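Structure file data_15.cif with mmCIF, C-alpha atoms and all ligand atoms:
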data_protein
#
loop_
_atom_site.group_PDB
_atom_site.id
_atom_site.type_symbol
_atom_site.label_atom_id
_atom_site.label_comp_id
_atom_site.auth_asym_id
_atom_site.auth_seq_id
_atom_site.Cartn_x
_atom_site.Cartn_y
_atom_site.Cartn_z
ATOM 1 C CA MET A 60 0.218 -18.350 27.891
ATOM 2 C CA THR A 61 3.188 -20.551 27.270
ATOM 3 C CA THR A 62 5.097 -18.977 24.473
ATOM 4 C CA THR A 63 8.501 -20.423 25.125
ATOM 5 C CA SER A 64 7.676 -24.116 25.052
ATOM 6 C CA LEU A 65 8.169 -25.420 21.566
ATOM 7 C CA ALA A 66 5.780 -27.982 20.215
ATOM 8 C CA LEU A 67 7.610 -29.107 17.139
ATOM 9 C CA PRO A 68 5.792 -31.763 15.165
ATOM 10 C CA SER A 69 6.888 -35.347 15.376
ATOM 11 C CA LYS A 70 6.816 -35.549 11.591
ATOM 12 C CA LEU A 71 9.891 -33.354 11.456
ATOM 13 C CA ASP A 72 13.198 -35.098 11.040
ATOM 14 C CA PRO A 73 15.101 -34.962 14.409
ATOM 15 C CA ALA A 74 17.989 -33.104 12.780
ATOM 16 C CA HIS A 75 15.611 -30.445 11.487
ATOM 17 C CA ARG A 76 13.950 -30.223 14.872
ATOM 18 C CA ALA A 77 17.333 -29.628 16.472
ATOM 19 C CA ALA A 78 18.106 -26.950 13.895
ATOM 20 C CA ILE A 79 14.852 -25.139 14.622
ATOM 21 C CA ASN A 80 15.374 -25.352 18.375
ATOM 22 C CA ALA A 81 18.858 -23.950 17.952
ATOM 23 C CA ALA A 82 17.659 -21.163 15.647
ATOM 24 C CA TRP A 83 14.915 -20.171 18.054
ATOM 25 C CA ALA A 84 17.057 -20.346 21.177
ATOM 26 C CA THR A 85 17.956 -16.678 21.300
ATOM 27 C CA ALA A 86 15.784 -13.934 22.719
ATOM 28 C CA THR A 87 15.598 -12.213 19.343
ATOM 29 C CA GLN A 88 13.853 -15.264 17.976
ATOM 30 C CA ARG A 89 11.139 -15.029 20.624
ATOM 31 C CA ASN A 90 8.569 -13.902 18.077
ATOM 32 C CA PHE A 91 9.076 -17.062 16.050
ATOM 33 C CA LYS A 92 8.223 -19.133 19.086
ATOM 34 C CA ILE A 93 5.160 -17.023 19.813
ATOM 35 C CA GLY A 94 4.043 -17.318 16.200
ATOM 36 C CA TRP A 95 4.589 -21.031 16.098
ATOM 37 C CA ALA A 96 2.788 -21.567 19.421
ATOM 38 C CA ARG A 97 -0.162 -19.624 18.058
ATOM 39 C CA TRP A 98 -0.247 -21.796 14.956
ATOM 40 C CA VAL A 99 0.018 -25.017 16.978
ATOM 41 C CA ARG A 100 -2.891 -23.919 19.199
ATOM 42 C CA TRP A 101 -5.074 -23.270 16.179
ATOM 43 C CA CYS A 102 -4.162 -26.650 14.668
ATOM 44 C CA ALA A 103 -4.907 -28.416 17.943
ATOM 45 C CA ALA A 104 -8.349 -26.808 18.068
ATOM 46 C CA GLN A 105 -9.016 -28.004 14.505
ATOM 47 C CA LYS A 106 -7.516 -31.438 15.242
ATOM 48 C CA LEU A 107 -4.914 -30.881 12.550
ATOM 49 C CA GLU A 108 -1.206 -31.557 12.435
ATOM 50 C CA PRO A 109 0.841 -28.326 12.354
ATOM 51 C CA PHE A 110 3.330 -29.839 9.917
ATOM 52 C CA PRO A 111 3.181 -30.511 7.063
ATOM 53 C CA VAL A 112 0.385 -28.131 6.136
ATOM 54 C CA SER A 113 -1.416 -27.612 2.856
ATOM 55 C CA PRO A 114 -2.002 -24.167 1.359
ATOM 56 C CA GLU A 115 -5.759 -24.804 1.720
ATOM 57 C CA THR A 116 -5.400 -25.235 5.477
ATOM 58 C CA LEU A 117 -3.312 -22.081 5.703
ATOM 59 C CA ILE A 118 -5.985 -20.176 3.799
ATOM 60 C CA ASP A 119 -8.623 -21.446 6.242
ATOM 61 C CA TYR A 120 -6.395 -20.305 9.073
ATOM 62 C CA VAL A 121 -5.896 -16.811 7.639
ATOM 63 C CA ARG A 122 -9.606 -16.394 6.944
ATOM 64 C CA SER A 123 -10.564 -17.519 10.436
ATOM 65 C CA GLN A 124 -8.411 -14.898 12.127
ATOM 66 C CA HIS A 125 -10.279 -11.776 11.009
ATOM 67 C CA GLU A 126 -8.457 -8.680 12.163
ATOM 68 C CA GLN A 127 -5.523 -10.362 13.947
ATOM 69 C CA ILE A 128 -3.124 -9.240 11.240
ATOM 70 C CA PRO A 129 0.198 -8.931 13.100
ATOM 71 C CA SER A 130 -0.334 -12.279 14.843
ATOM 72 C CA VAL A 131 -1.180 -14.040 11.592
ATOM 73 C CA LEU A 132 1.828 -12.563 9.828
ATOM 74 C CA ASN A 133 3.989 -13.661 12.715
ATOM 75 C CA ALA A 134 2.575 -17.196 12.623
ATOM 76 C CA LEU A 135 3.160 -17.375 8.860
ATOM 77 C CA LYS A 136 6.746 -16.223 9.350
ATOM 78 C CA SER A 137 7.290 -18.979 11.899
ATOM 79 C CA ILE A 138 5.755 -21.607 9.636
ATOM 80 C CA ASN A 139 7.924 -20.360 6.823
ATOM 81 C CA GLN A 140 11.015 -20.680 8.956
ATOM 82 C CA VAL A 141 10.178 -24.222 9.996
ATOM 83 C CA TYR A 142 9.888 -25.174 6.330
ATOM 84 C CA LYS A 143 13.083 -23.393 5.470
ATOM 85 C CA LEU A 144 15.024 -25.173 8.211
ATOM 86 C CA ALA A 145 13.450 -28.450 7.129
ATOM 87 C CA SER A 146 14.561 -27.715 3.533
ATOM 88 C CA GLU A 147 10.999 -27.970 2.230
ATOM 89 C CA PRO A 148 9.169 -25.466 0.004
ATOM 90 C CA SER A 149 7.007 -23.298 2.240
ATOM 91 C CA PRO A 150 3.227 -23.247 1.697
ATOM 92 C CA THR A 151 3.183 -19.668 3.038
ATOM 93 C CA LYS A 152 4.569 -18.579 -0.342
ATOM 94 C CA ASN A 153 1.675 -20.129 -2.214
ATOM 95 C CA PRO A 154 0.029 -17.368 -4.291
ATOM 96 C CA PHE A 155 -3.436 -18.212 -2.971
ATOM 97 C CA VAL A 156 -2.225 -17.983 0.609
ATOM 98 C CA MET A 157 -0.672 -14.624 -0.233
ATOM 99 C CA LEU A 158 -3.945 -13.483 -1.764
ATOM 100 C CA ALA A 159 -5.796 -14.509 1.397
ATOM 101 C CA VAL A 160 -3.377 -12.428 3.457
ATOM 102 C CA ARG A 161 -3.812 -9.482 1.144
ATOM 103 C CA GLY A 162 -7.588 -9.825 1.427
ATOM 104 C CA MET A 163 -7.289 -9.836 5.188
ATOM 105 C CA ARG A 164 -5.207 -6.670 5.153
ATOM 106 C CA LYS A 165 -7.691 -5.015 2.839
ATOM 107 C CA THR A 166 -10.688 -5.933 4.936
ATOM 108 C CA TYR A 167 -9.303 -5.438 8.401
ATOM 109 C CA GLY A 168 -6.119 -3.421 7.999
ATOM 110 C CA LYS A 169 -5.941 -0.128 9.794
ATOM 111 C CA PRO A 170 -2.978 1.323 7.986
ATOM 112 C CA GLU A 171 -1.110 4.419 8.845
ATOM 113 C CA VAL A 172 -2.758 5.367 12.056
ATOM 114 C CA GLY A 173 -1.394 5.809 15.500
ATOM 115 C CA ARG A 174 0.748 8.894 15.609
ATOM 116 C CA ALA A 175 -0.583 12.361 16.214
ATOM 117 C CA ALA A 176 -0.696 14.541 13.132
ATOM 118 C CA LEU A 177 1.859 17.314 12.875
ATOM 119 C CA THR A 178 -0.613 19.798 11.437
ATOM 120 C CA LEU A 179 0.506 23.029 9.807
ATOM 121 C CA PRO A 180 0.472 25.192 12.973
ATOM 122 C CA LEU A 181 2.498 22.542 14.810
ATOM 123 C CA LEU A 182 4.881 22.149 11.869
ATOM 124 C CA LYS A 183 5.537 25.904 11.928
ATOM 125 C CA GLN A 184 6.148 25.745 15.662
ATOM 126 C CA VAL A 185 8.624 22.865 15.257
ATOM 127 C CA ILE A 186 10.493 24.423 12.314
ATOM 128 C CA ARG A 187 10.821 27.785 14.048
ATOM 129 C CA GLU A 188 12.597 26.172 16.986
ATOM 130 C CA ILE A 189 15.276 24.672 14.749
ATOM 131 C CA ASP A 190 18.676 26.372 14.668
ATOM 132 C CA ARG A 191 19.296 26.260 10.947
ATOM 133 C CA SER A 192 22.842 27.589 11.257
ATOM 134 C CA THR A 193 24.121 24.090 12.085
ATOM 135 C CA PRO A 194 24.375 21.301 9.498
ATOM 136 C CA VAL A 195 22.056 19.098 11.542
ATOM 137 C CA GLY A 196 19.532 21.909 11.914
ATOM 138 C CA THR A 197 19.642 22.458 8.166
ATOM 139 C CA ARG A 198 19.106 18.768 7.555
ATOM 140 C CA ASP A 199 16.275 18.477 10.031
ATOM 141 C CA ALA A 200 14.372 21.437 8.608
ATOM 142 C CA ALA A 201 14.753 20.104 5.055
ATOM 143 C CA LEU A 202 13.834 16.557 6.019
ATOM 144 C CA LEU A 203 10.767 17.624 7.981
ATOM 145 C CA LEU A 204 9.512 19.884 5.197
ATOM 146 C CA VAL A 205 10.195 17.432 2.380
ATOM 147 C CA GLY A 206 8.553 14.652 4.395
ATOM 148 C CA TRP A 207 5.572 16.818 5.275
ATOM 149 C CA TRP A 208 4.822 18.266 1.839
ATOM 150 C CA GLY A 209 5.478 14.921 0.190
ATOM 151 C CA ALA A 210 3.357 13.035 2.772
ATOM 152 C CA LEU A 211 6.229 10.585 2.856
ATOM 153 C CA ARG A 212 6.878 7.555 4.996
ATOM 154 C CA ARG A 213 10.190 7.354 6.781
ATOM 155 C CA LYS A 214 11.428 4.504 4.608
ATOM 156 C CA THR A 215 10.796 6.593 1.509
ATOM 157 C CA ILE A 216 12.613 9.542 3.051
ATOM 158 C CA SER A 217 15.646 7.486 4.066
ATOM 159 C CA ASP A 218 15.775 5.835 0.622
ATOM 160 C CA MET A 219 15.585 9.091 -1.360
ATOM 161 C CA ARG A 220 18.600 9.533 -3.585
ATOM 162 C CA TYR A 221 20.381 12.721 -4.502
ATOM 163 C CA GLU A 222 20.175 11.890 -8.203
ATOM 164 C CA GLN A 223 16.369 11.817 -7.952
ATOM 165 C CA VAL A 224 16.218 15.512 -7.076
ATOM 166 C CA HIS A 225 15.690 17.983 -9.935
ATOM 167 C CA GLU A 226 15.282 21.729 -9.729
ATOM 168 C CA THR A 227 12.180 23.150 -11.421
ATOM 169 C CA PRO A 228 11.056 26.748 -12.065
ATOM 170 C CA ASP A 229 8.958 26.752 -8.904
ATOM 171 C CA GLY A 230 10.890 24.411 -6.627
ATOM 172 C CA TYR A 231 12.049 20.835 -6.865
ATOM 173 C CA ARG A 232 10.805 17.574 -8.269
ATOM 174 C CA VAL A 233 11.899 14.324 -6.644
ATOM 175 C CA GLU A 234 11.480 11.284 -8.865
ATOM 176 C CA LEU A 235 11.149 8.329 -6.578
ATOM 177 C CA GLY A 236 11.224 4.775 -7.841
ATOM 178 C CA ARG A 237 8.289 2.800 -8.995
ATOM 179 C CA HIS A 238 5.289 2.779 -6.683
ATOM 180 C CA LYS A 239 5.231 -0.444 -4.683
ATOM 181 C CA THR A 240 1.657 -1.343 -5.593
ATOM 182 C CA ASP A 241 2.286 -0.713 -9.269
ATOM 183 C CA VAL A 242 3.330 -4.070 -10.650
ATOM 184 C CA LEU A 243 3.471 -2.941 -14.253
ATOM 185 C CA GLY A 244 5.829 -0.119 -13.458
ATOM 186 C CA ALA A 245 3.844 2.341 -15.507
ATOM 187 C CA ARG A 246 3.718 4.986 -12.833
ATOM 188 C CA ARG A 247 6.535 6.640 -10.976
ATOM 189 C CA ASP A 248 6.141 8.371 -7.688
ATOM 190 C CA ILE A 249 6.989 12.015 -8.033
ATOM 191 C CA VAL A 250 7.153 14.486 -5.186
ATOM 192 C CA HIS A 251 6.581 18.116 -6.158
ATOM 193 C CA LEU A 252 8.036 20.649 -3.772
ATOM 194 C CA VAL A 253 6.848 24.184 -4.436
ATOM 195 C CA HIS A 254 8.218 27.432 -2.994
ATOM 196 C CA ARG A 255 5.808 28.963 -0.504
ATOM 197 C CA HIS A 256 7.433 32.244 0.356
ATOM 198 C CA GLU A 257 4.351 33.606 2.119
ATOM 199 C CA VAL A 258 5.615 31.666 5.128
ATOM 200 C CA PRO A 259 9.339 31.045 4.632
ATOM 201 C CA ALA A 260 9.457 28.710 7.642
ATOM 202 C CA VAL A 261 7.420 26.114 5.746
ATOM 203 C CA CYS A 262 9.028 26.519 2.329
ATOM 204 C CA ALA A 263 10.373 23.058 1.461
ATOM 205 C CA PRO A 264 12.435 24.045 -1.618
ATOM 206 C CA CYS A 265 14.288 26.754 0.308
ATOM 207 C CA ALA A 266 15.064 24.332 3.131
ATOM 208 C CA LEU A 267 16.145 21.705 0.605
ATOM 209 C CA GLN A 268 18.378 24.223 -1.155
ATOM 210 C CA GLU A 269 20.085 25.072 2.137
ATOM 211 C CA TRP A 270 20.608 21.386 2.818
ATOM 212 C CA LEU A 271 21.987 20.653 -0.657
ATOM 213 C CA ALA A 272 24.637 23.289 -0.020
ATOM 214 C CA VAL A 273 25.983 21.539 3.076
ATOM 215 C CA ARG A 274 25.135 17.868 2.636
ATOM 216 C CA PRO A 275 28.023 15.384 2.496
ATOM 217 C CA HIS A 276 28.785 13.617 -0.747
ATOM 218 C CA ILE A 277 26.717 10.432 -0.474
ATOM 219 C CA ALA A 278 24.187 8.683 -2.686
ATOM 220 C CA THR A 279 21.156 9.280 -0.481
ATOM 221 C CA LEU A 280 19.569 12.703 -0.220
ATOM 222 C CA PHE A 281 19.655 12.817 3.563
ATOM 223 C CA ALA A 282 22.635 11.966 5.739
ATOM 224 C CA ALA A 283 22.923 10.751 9.310
ATOM 225 C CA GLY A 284 23.609 13.280 12.043
ATOM 226 C CA SER A 285 26.002 13.352 14.940
ATOM 227 C CA GLY A 286 25.692 16.224 17.398
ATOM 228 C CA ASN A 287 25.527 19.403 15.339
ATOM 229 C CA TYR A 288 27.194 17.738 12.399
ATOM 230 C CA VAL A 289 26.228 15.372 9.648
ATOM 231 C CA VAL A 290 28.202 12.381 8.507
ATOM 232 C CA ALA A 291 28.584 10.756 5.088
ATOM 233 C CA ARG A 292 26.179 7.934 5.860
ATOM 234 C CA PRO A 293 22.501 7.555 4.942
ATOM 235 C CA VAL A 294 20.046 8.505 7.659
ATOM 236 C CA SER A 295 18.058 5.511 8.918
ATOM 237 C CA GLY A 296 14.309 5.316 9.275
ATOM 238 C CA ASN A 297 14.721 4.976 13.025
ATOM 239 C CA ALA A 298 16.881 8.078 13.159
ATOM 240 C CA ILE A 299 14.167 9.973 11.287
ATOM 241 C CA TRP A 300 11.595 8.782 13.800
ATOM 242 C CA ALA A 301 13.816 9.857 16.702
ATOM 243 C CA MET A 302 14.535 13.218 15.095
ATOM 244 C CA VAL A 303 10.845 14.004 14.602
ATOM 245 C CA ARG A 304 10.210 13.258 18.262
ATOM 246 C CA ARG A 305 13.215 15.274 19.414
ATOM 247 C CA ARG A 306 12.228 18.287 17.340
ATOM 248 C CA CYS A 307 8.631 18.080 18.552
ATOM 249 C CA GLY A 308 9.885 17.944 22.140
ATOM 250 C CA LEU A 309 12.152 20.959 21.604
ATOM 251 C CA ALA A 310 9.143 22.866 20.294
ATOM 252 C CA GLY A 311 7.252 22.174 23.495
ATOM 253 C CA LEU A 312 5.016 19.397 22.148
ATOM 254 C CA ASP A 313 4.530 16.049 23.877
ATOM 255 C CA ALA A 314 7.172 14.094 21.956
ATOM 256 C CA THR A 315 5.645 10.736 22.856
ATOM 257 C CA GLN A 316 2.603 11.541 20.725
ATOM 258 C CA PHE A 317 4.627 12.026 17.544
ATOM 259 C CA GLY A 318 6.710 9.952 15.185
ATOM 260 C CA ALA A 319 7.873 9.911 11.581
ATOM 261 C CA HIS A 320 4.330 9.165 10.499
ATOM 262 C CA SER A 321 3.168 12.461 11.995
ATOM 263 C CA LEU A 322 4.505 14.214 8.891
ATOM 264 C CA ARG A 323 2.280 12.262 6.503
ATOM 265 C CA ALA A 324 -0.652 12.467 8.906
ATOM 266 C CA GLY A 325 -0.003 16.178 9.331
ATOM 267 C CA LEU A 326 -0.331 17.104 5.674
ATOM 268 C CA ILE A 327 -3.388 14.888 5.267
ATOM 269 C CA THR A 328 -5.100 16.338 8.322
ATOM 270 C CA THR A 329 -4.317 19.887 7.281
ATOM 271 C CA ALA A 330 -5.555 19.294 3.745
ATOM 272 C CA ILE A 331 -8.796 17.691 4.872
ATOM 273 C CA SER A 332 -9.472 20.409 7.403
ATOM 274 C CA GLN A 333 -8.954 23.011 4.656
ATOM 275 C CA GLY A 334 -11.541 21.224 2.532
ATOM 276 C CA GLU A 335 -9.197 19.853 -0.122
ATOM 277 C CA SER A 336 -10.762 17.100 -2.225
ATOM 278 C CA ALA A 337 -9.916 13.456 -1.624
ATOM 279 C CA SER A 338 -8.781 13.054 -5.240
ATOM 280 C CA LYS A 339 -6.321 15.893 -4.878
ATOM 281 C CA ILE A 340 -5.027 14.517 -1.627
ATOM 282 C CA GLN A 341 -4.638 11.047 -3.150
ATOM 283 C CA GLN A 342 -2.379 12.503 -5.840
ATOM 284 C CA VAL A 343 0.129 13.011 -3.082
ATOM 285 C CA THR A 344 -0.594 10.201 -0.665
ATOM 286 C CA LYS A 345 -0.977 7.546 -3.389
ATOM 287 C CA HIS A 346 -3.860 5.988 -1.528
ATOM 288 C CA ALA A 347 -5.528 3.525 -3.858
ATOM 289 C CA ASN A 348 -9.000 4.902 -3.215
ATOM 290 C CA GLU A 349 -10.926 7.373 -1.146
ATOM 291 C CA ALA A 350 -12.006 4.729 1.351
ATOM 292 C CA MET A 351 -8.368 4.032 2.212
ATOM 293 C CA LEU A 352 -7.733 7.720 2.605
ATOM 294 C CA MET A 353 -10.754 8.270 4.812
ATOM 295 C CA ARG A 354 -9.797 5.331 6.980
ATOM 296 C CA TYR A 355 -6.601 7.204 7.547
ATOM 297 C CA TYR A 356 -8.509 10.340 8.370
ATOM 298 C CA ARG A 357 -9.772 9.218 11.804
ATOM 299 C CA GLU A 358 -10.460 12.443 13.677
ATOM 300 C CA SER A 359 -8.901 14.575 10.999
ATOM 301 C CA GLU A 360 -6.016 13.188 9.030
ATOM 302 C CA ALA A 361 -4.942 13.590 5.265
ATOM 303 C CA GLY A 362 -1.942 14.445 2.418
ATOM 304 C CA PRO A 363 -1.331 15.478 -1.329
ATOM 305 C CA ASN A 364 0.904 17.337 -3.655
ATOM 306 C CA TYR A 365 -0.457 19.812 -6.095
ATOM 307 C CA LEU A 366 -1.680 21.048 -2.802
ATOM 308 C CA GLY A 367 1.823 22.400 -2.731
ATOM 309 C CA ARG A 368 0.526 25.194 -4.906
ATOM 310 C CA THR A 369 -2.808 25.868 -3.262
ATOM 311 C CA LEU A 370 -2.695 25.063 0.419
ATOM 312 C CA LYS A 371 -3.111 28.117 2.585
ATOM 313 C CA VAL A 372 -0.088 28.596 4.763
ATOM 314 C CA THR A 373 -0.863 31.898 6.441
HETATM 315 ZN ZN ZN B 1 11.299 28.822 -1.026
#
Would you write out, as structure tokens, the structure that this file holds?
Amino acid sequence: MTTTSLALPSKLDPAHRAAINAAWATATQRNFKIGWARWVRWCAAQKLEPFPVSPETLIDYVRSQHEQIPSVLNALKSINQVYKLASEPSPTKNPFVMLAVRGMRKTYGKPEVGRAALTLPLLKQVIREIDRSTPVGTRDAALLLVGWWGALRRKTISDMRYEQVHETPDGYRVELGRHKTDVLGARRDIVHLVHRHEVPAVCAPCALQEWLAVRPHIATLFAAGSGNYVVARPVSGNAIWAMVRRRCGLAGLDATQFGAHSLRAGLITTAISQGESASKIQQVTKHANEAMLMRYYRESEAGPNYLGRTLKVT
């Protein structure tokens, strides 16, 4: 497959063509070239010009690609960039094209799968190996437990703000921003963290309390780490991913099987295997419907929040 040769349409102004070639010259832009080449191949097969393109043609393209979601998104990004560099409004932003993409994701998307689930027994194993006398150990235990009980994605964890955390009679409540699928803004995402002193190792509020006592003064809830220390900088999603793997490795698990998503998968799996209802689990995971949740389930995955009160931890 030739992914580096650029077939830029003759209808593009030479200056714009030069700009695109220059923009795509670096290795980091490789994906644009791959996306564009994919688009050009499809157009050639349909005997169509790749540029300019109507929204209708783009919709046909999206619909013809079935489950090839990452490739289609990449092609659309490339098309978008060509338009941008040619100073033309991009048809990829057409609402009907966007709806077609959304439909494709709905029909063929396999969201949130891939990483092994950090189920409750594994979570206990990981937490117990953490030296919580160091600031980083304190952070890691709190982050893992908040992420696990909240069934949170790493982006959500890294974006959490200190001001969103409120103490409650039985633990903490974290008021996240508006849910991303909630266009009207009527619903806020709230994470309930409830003390579970039957097994102190998995008690999220206690771990959070310990962290709040040592965390640096920054806007985000969690800070970046350096050695045994923490620094006054937000922790990145990638750092969370790396930390989960490191902690799993230190607990004797195969680190390559785990990632940040293992926290969310872990609560979901544990909840399903304990027979918790899908509706209860969805309260925490914010899955739009049971079908989405069960798609996530695979061999045994799942994750909710009032579960915080009922899930058996012994
Ligand atoms: Zn506690």
Q | Who sits within 12 Å of segment 89-105 of chain A, all atoms listed in the file, same chain under 6 positions skipped, as JSON, numbers by chain | A | {"A": [60, 61, 62, 63, 64, 65, 66, 67, 68, 79, 80, 81, 82, 83, 111, 112, 116, 117, 119, 120, 121, 123, 124, 127, 128, 129, 130, 131, 132, 133, 134, 135, 136, 137, 138, 139, 140, 141, 142]}
Applied to this file, what does the PyMOL selection byres (((chain A and resi 255-270) around 9) and not hetatm) return in terms of residues, put as a CSV table (one decimal) with C-alpha atoms, keeping the file's coordinate frame?
chain,number,residue,atom,x,y,z
A,179,LEU,CA,0.5,23.0,9.8
A,182,LEU,CA,4.9,22.1,11.9
A,183,LYS,CA,5.5,25.9,11.9
A,186,ILE,CA,10.5,24.4,12.3
A,187,ARG,CA,10.8,27.8,14.0
A,191,ARG,CA,19.3,26.3,10.9
A,194,PRO,CA,24.4,21.3,9.5
A,197,THR,CA,19.6,22.5,8.2
A,198,ARG,CA,19.1,18.8,7.6
A,199,ASP,CA,16.3,18.5,10.0
A,200,ALA,CA,14.4,21.4,8.6
A,201,ALA,CA,14.8,20.1,5.1
A,202,LEU,CA,13.8,16.6,6.0
A,203,LEU,CA,10.8,17.6,8.0
A,204,LEU,CA,9.5,19.9,5.2
A,205,VAL,CA,10.2,17.4,2.4
A,207,TRP,CA,5.6,16.8,5.3
A,208,TRP,CA,4.8,18.3,1.8
A,226,GLU,CA,15.3,21.7,-9.7
A,229,ASP,CA,9.0,26.8,-8.9
A,230,GLY,CA,10.9,24.4,-6.6
A,231,TYR,CA,12.0,20.8,-6.9
A,252,LEU,CA,8.0,20.6,-3.8
A,253,VAL,CA,6.8,24.2,-4.4
A,254,HIS,CA,8.2,27.4,-3.0
A,271,LEU,CA,22.0,20.7,-0.7
A,272,ALA,CA,24.6,23.3,0.0
A,273,VAL,CA,26.0,21.5,3.1
A,274,ARG,CA,25.1,17.9,2.6
A,281,PHE,CA,19.7,12.8,3.6
A,367,GLY,CA,1.8,22.4,-2.7
A,368,ARG,CA,0.5,25.2,-4.9
A,372,VAL,CA,-0.1,28.6,4.8
A,373,THR,CA,-0.9,31.9,6.4
Around all the atoms of segment 177-184 of chain A listed in the file, with 8 Å of room on each side, what axis-aligned box do you get, giving centre and edge lengths in Å to one decimal, as lines of an AutoDock Vina configuration file?
center_x = 2.8
center_y = 21.6
center_z = 12.7
size_x = 22.8
size_y = 24.6
size_z = 21.9
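In this structure, atom CA of Leu235 of chain A sits 18.0 Å away from atom CA of Ile340 of chain A.
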Q) When the PyMOL selection byres (((chain A and resi 163) around 10) and not hetatm) is applied to the file above, which residues end up in the set, as a list in words? A) Val121, Arg122, Ser123, Gln124, His125, Glu126, Gln127, Ile128, Val131, Met157, Leu158, Ala159, Val160, Arg161, Gly162, Arg164, Lys165, Thr166, Tyr167 and Gly168 of chain A
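Distances here use all atoms listed in the file; by that measure, the residue among A:Pro275, A:Pro228, A:Pro114, A:Gly236 closest to ligand ZN 1 (chain B) is A:Pro228.
With atom CA of Gln316 of chain A on one side and atom CA of Ser338 of chain A on the other, the separation reads 28.4 Å.
The coordinates place atom CA of Ser285 of chain A at 25.2 Å from atom CA of Leu181 of chain A.
Closest approach to ligand ZN 1 (chain B) among A:Thr227, A:Val233, A:Arg220, A:Arg292 is made by A:Thr227 (distances from all atoms listed in the file).
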Q: Go through the shown structure with the PyMOL selection byres (((chain A and resi 221) around 7) and not hetatm) and write out the matching residues as an MDAnalysis selection string.
A: chainID A and resid 219:220 222:224 278:280
